[in-house]
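Chemist: My structure is below; once you've seen it, I'll send some questions.
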Amino acid sequence: MNNRPTASLRIASHRPQIRGRFTACLLAILGGCLFTGDLLAAEKVGIRVPPGFEVSLYADDDLAHDIYSMTVDSLGRVVVSGAGYVRILIDKDGDGTADSFKQFVDGPQGGAQGMAFHGRDLICTGGEGLIRYRDSDGDDRADGPPDVFLKIKAGGEHHAHAIQRGPDGWWYLIAGNMAEVTGKYATLPTSPIRKPTFGTLLRFKPDLAGGEIVADGFRNAYDFAFHAAGDLFVFDSDGERDVSLPWYRPTRVFHTLTGSNAGWVSRSWKRPNYFSDMPPVVAEFGRGSPTGVACYRHRQFPTKFQGAMFVLDWTFGRVMALPLQKAGSSWSGEPIEFMSGIGQFGFAPTDVAVSPDGSLLVCVGGRGTRGSVYRVRYTGKDNSGKSNTTTTAGENQSAGSRLSTCLDAPQPLSSWSRAKWLPLARQLGRKRFIDAAKNKKLSIGARLRAVEILTELYGGVDTITLLNLATTEAAEVRARAVWSAGRSGLIAKQPKLLLPFLNDADPLVVRCALETLIGNQKSESLLPLFSSLARQLGANDRFVRQAAARLVSQLPDTA
């Protein structure tokens with residue numbers, strides 16, 4: 001890989017007829033890709049995107065060299081980090097290109113490999129572990145040294161990586177196989193895993209006071225993302241030195257289930273997909289170095305890409321889009337190559353985010369290479385993805401308009417989106433979201449968001465609402481309702497409330513119901529559910545059987 005990528009397209013002749021023929025041939029080679037401006041712009045950008053999209057350079061190496069990670073802050077600004085810096089990129093004239101930067105902090109020394117803003121404060125990985133830089137006066141400069149929330153190995157390529165806020169309001173952190181996560185990190189009694197192996201996905205309370213280990217067995221997953229239905233996806237790396245050998249396993253996108261193990265045992269042994277205890281594999285990409293992951297939950301792109309996972313491969317310089325379709329209790333999809341470098345142009349993507357205007361932002365860097373941020377927008381004629389109405393947050397909005405702003409917010413888990421809908425959700429109160437969750441006239445997506453907001457802000461669904469939603473016709477809503485009851489602790493107190501969900505006809509609902517009990521240390525409370533649990537050991541859906549088997553292992557010996 002070149003340390004300093006350069007554009008490879010060169011138009012040598014200035015004779016019009018030769019230049020015209022060359023241009024026609026070159027356009028054919030590029031496969032109809034749309035770039036900003038003419039071929040000179042394509043030469044400058046050097047990135048291939050699908051027809052109907054345009055890609056531009058938002059920021060180059062002079063503003064941020066060797067970028068490790070990127071996020072969009074609560075004010076909607078692009079923030080990047082590399083060795084010894086975190087910078088806010090500034091677009092003063094709003095033309096879609098950054099003009100300058102503000103240095104938020106001269107650190108972490110080894111760079112932040114995961115960042116998320118909580119208001120004006122930055123929570124990131126680096127230094128001593130999971131840390132917070134405060135900006136109490138809002139001057140876009142860290143007030144001083146960071147607070148250390150969690151001591152964990154950070155800064156290395158196989159250490160702690162991405163940090164995000166989940167749909168339940170808890171914090172999620174992914175760590176590589178050399179982060180040395182042990183059972184001591186499972187400080188809450190509800191932890192689904194108590195003796196982790198290798199790379200892990202951890203979950204922490206909103207105040208970061210206690211944690212759980214949700215999944216393990218990864219090699220070195222760098223990032224993850226939540227789908228609109230609430231499920232979590234991880235892009236894990238391969239044992240690249242074993243490529244072409246019989247036991248080689250490719251880079252894979254996992255649908256990460258509660259309590260699952262992704263199968264990494266050693267450099268030359270990672271369990272294949274067909275093993276009965278492997279989590280769902282929704283895509284494979286051969287050899288590579290997985291980096292950023294994002295779920296596109298905006299409306300600027302066509303419908304085809306809404307809800308798709310975008311996953312990045314650093315080694316081969318590509319961004320793949322993975323639209324997802326429901327498949328039993330999990331998901332399936334056919335990958336689409338979305339971005340790649342042209343010719344010998346160096347394109348080493350490290351992270352991805354979605355901006356408030358719906359653009360996809362992709363940064364490059366790693367191992368001392370050139371740093372840049374690219375911006376991808378849809379400019380084609382397909383308007384199927386565009387929203388017909390727009391709402392803005394403000395005190396003059398009606399209650400109905402404020403509710404719509406909350407339920408239809410794009411990228412609802414991002415810092416910039418949360419800054420808009422969260423204050424309104426607190427104003428509206430619990431009852432409006434209960435009513436929205438039960439309202440069959442609303443879209444499924446809006447009802448799912450109502451359940452998630454209830455879970456994060458108002459203690460989850462209550463018993464009456466849970467039983468009401470158990471009979472709603474939308475399986476996704478039934479599944480999200482029982483998830484909410486599990487996250488709030490309602491199921492742990494009243495396990496019999498699970499019965500209608502355990503006996504549901506849709507495997508997605510059954511899997512989510514079973515997962516609410518994984519990590520439940522009061523095994524005697526499962527005895528009234530024994531016959532329903534036993535029946536699911538023979539379910540047609542493989543991942544329902546997995547969840548049931550995990551639960552049976554928690555039962556007392558007499559059962």
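Chain labels A, B, ... are given in the sequence in which chains occur in the structure tokens; within each chain residues are numbered consecutively from 1, and ligands are likewise numbered from 1 in the order shown.
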A:Cys124: which residues within 8 Å, counting only C-alpha atoms, same-chain residues fewer than 3 positions away excluded, as a short mmCIF file (atom, residue, chain, number, x, y, z; two decimals) with all heavy atoms, in the first residue's frame?

Modeler:
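Done, and the output landed in part_10.cif:
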data_model
loop_
_atom_site.label_atom_id
_atom_site.label_comp_id
_atom_site.auth_asym_id
_atom_site.auth_seq_id
_atom_site.Cartn_x
_atom_site.Cartn_y
_atom_site.Cartn_z
N ALA A 112 -7.76 8.52 18.98
CA ALA A 112 -9.01 7.89 19.41
C ALA A 112 -9.52 6.99 18.30
O ALA A 112 -9.71 7.44 17.17
CB ALA A 112 -10.05 8.96 19.74
N GLN A 113 -9.75 5.72 18.60
CA GLN A 113 -10.26 4.79 17.59
C GLN A 113 -11.77 4.63 17.67
O GLN A 113 -12.36 3.83 16.95
CB GLN A 113 -9.55 3.44 17.73
CG GLN A 113 -8.08 3.53 17.40
CD GLN A 113 -7.38 2.18 17.37
OE1 GLN A 113 -8.02 1.15 17.20
NE2 GLN A 113 -6.08 2.19 17.54
N GLY A 114 -12.40 5.38 18.55
CA GLY A 114 -13.85 5.43 18.63
C GLY A 114 -14.24 6.71 19.35
O GLY A 114 -13.62 7.08 20.35
N MET A 115 -15.26 7.43 18.83
CA MET A 115 -15.68 8.70 19.43
C MET A 115 -17.19 8.83 19.40
O MET A 115 -17.84 8.40 18.44
CB MET A 115 -15.08 9.89 18.67
CG MET A 115 -13.57 9.96 18.65
SD MET A 115 -13.01 11.55 17.93
CE MET A 115 -13.49 11.33 16.20
N ALA A 116 -17.74 9.46 20.44
CA ALA A 116 -19.17 9.80 20.48
C ALA A 116 -19.32 11.01 21.39
O ALA A 116 -18.71 11.07 22.46
CB ALA A 116 -19.99 8.63 21.01
N LEU A 130 -11.46 3.91 28.20
CA LEU A 130 -12.65 4.67 27.81
C LEU A 130 -12.64 5.96 28.61
O LEU A 130 -12.73 5.94 29.85
CB LEU A 130 -13.91 3.86 28.10
CG LEU A 130 -15.24 4.51 27.69
CD1 LEU A 130 -15.29 4.77 26.20
CD2 LEU A 130 -16.41 3.63 28.11
N ILE A 131 -12.51 7.10 27.94
CA ILE A 131 -12.29 8.37 28.61
C ILE A 131 -13.29 9.42 28.15
O ILE A 131 -13.94 9.26 27.12
CB ILE A 131 -10.85 8.89 28.37
CG1 ILE A 131 -10.59 9.04 26.86
CG2 ILE A 131 -9.83 7.94 28.98
CD1 ILE A 131 -9.20 9.57 26.52
N ARG A 132 -13.40 10.51 28.95
CA ARG A 132 -14.27 11.63 28.59
C ARG A 132 -13.49 12.94 28.69
O ARG A 132 -12.91 13.25 29.71
CB ARG A 132 -15.49 11.71 29.50
CG ARG A 132 -16.35 12.95 29.21
CD ARG A 132 -17.61 13.00 30.03
NE ARG A 132 -17.34 13.13 31.45
CZ ARG A 132 -18.29 13.15 32.39
NH1 ARG A 132 -19.56 13.02 32.03
NH2 ARG A 132 -17.97 13.28 33.66
N ALA A 162 -14.60 1.21 18.78
CA ALA A 162 -15.76 2.11 18.67
C ALA A 162 -16.60 2.15 19.94
O ALA A 162 -16.78 1.14 20.62
CB ALA A 162 -16.63 1.69 17.48
N ILE A 163 -17.16 3.32 20.22
CA ILE A 163 -18.09 3.54 21.34
C ILE A 163 -19.33 4.23 20.77
O ILE A 163 -19.23 5.18 20.00
CB ILE A 163 -17.43 4.38 22.46
CG1 ILE A 163 -18.43 4.69 23.58
CG2 ILE A 163 -16.82 5.66 21.91
CD1 ILE A 163 -18.75 3.55 24.48
#

Chemist: As a PyMOL selection string, please: all residues of stretch 211-406 of chain A that backbone DSSP puts in strand (DSSP E).

Modeler: chain A and resi 211-218+224-226+232-236+252-256+264-266+269-270+281-284+290-295+309-313+318-322+325-327+330-332+336-341+349-354+360-364+372-378

Chemist: Extract, using only C-alpha atoms, all DNA, RNA and protein residues at most 8 Å from A:Leu537, discarding same-chain residues fewer than 2 positions from it, and format them as a PyMOL selection string.

Modeler: chain A and resi 533-535+539+544-546+548-549

Chemist: Could you save the residues just selected, with C-alpha atoms, as a CSV table (one decimal), in the first residue's frame?

Modeler:
chain,number,residue,atom,x,y,z
A,533,LEU,CA,-38.5,-23.2,26.5
A,534,ALA,CA,-38.2,-26.9,25.8
A,535,ARG,CA,-40.5,-26.6,22.7
A,539,ALA,CA,-37.9,-24.8,16.6
A,544,VAL,CA,-34.3,-19.6,18.1
A,545,ARG,CA,-32.8,-23.0,18.9
A,546,GLN,CA,-29.5,-21.3,19.9
A,548,ALA,CA,-33.3,-21.7,23.8
A,549,ALA,CA,-30.1,-23.8,24.4

Chemist: I'd like to know which residues of stretch 233-424 of chain A are helix (DSSP H, G or I) (by DSSP, run on the backbone); could you write them as a list in words?

Modeler: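 Reading the DSSP output for stretch 233-424 of chain A, helix (DSSP H, G or I) covers Glu240, Arg241, Asp242, Thr303, Lys304, Phe305, Ala399, Gly400, Ser401, Arg402, Leu403, Ser404, Thr405, Cys406, Leu407, Ser415, Trp416, Ser417, Arg418, Ala419, Lys420, Trp421, Leu422, Pro423 and Leu424 of chain A.
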
Chemist: Go ahead and compute the interatomic distance for atom CA of A:Pro272 and atom CA of A:Gly286, in Å to one decimal.

Modeler: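 One can read the atom CA of A:Pro272 to atom CA of A:Gly286 distance as 13.4 Å.
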
Chemist: For the atom pair atom CA of A:Val282 and atom CA of A:Ser532, what is the interatomic distance in Å to one decimal place?

Modeler: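 So the two atoms, atom CA of A:Val282 and atom CA of A:Ser532, lie 28.5 Å apart.
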
Chemist: Using only C-alpha atoms, which residues sit within 10 Å of A:Ala505 once same-chain residues fewer than 5 positions away are excluded, as an NGL selection string?

Modeler: :A and (475 or 500 or 510)

Chemist: Could you save those same residues with N, CA, C and O atoms as a CSV table (one decimal), in the first residue's frame?

Modeler:
chain,number,residue,atom,x,y,z
A,475,ALA,N,-45.0,-8.0,13.4
A,475,ALA,CA,-44.1,-8.8,14.2
A,475,ALA,C,-42.9,-8.0,14.7
A,475,ALA,O,-42.4,-8.2,15.9
A,500,PRO,N,-47.0,-15.4,25.8
A,500,PRO,CA,-47.5,-15.1,24.5
A,500,PRO,C,-46.4,-14.9,23.4
A,500,PRO,O,-46.6,-15.2,22.3
A,510,VAL,N,-40.0,-14.7,18.9
A,510,VAL,CA,-39.6,-15.7,19.8
A,510,VAL,C,-38.1,-15.6,20.2
A,510,VAL,O,-37.8,-15.6,21.4

Chemist: Kindly give the distance, in Å, that separates atom CA of A:Arg375 and atom CA of A:Lys304, rounded to a single decimal.

Modeler: 19.0 Å
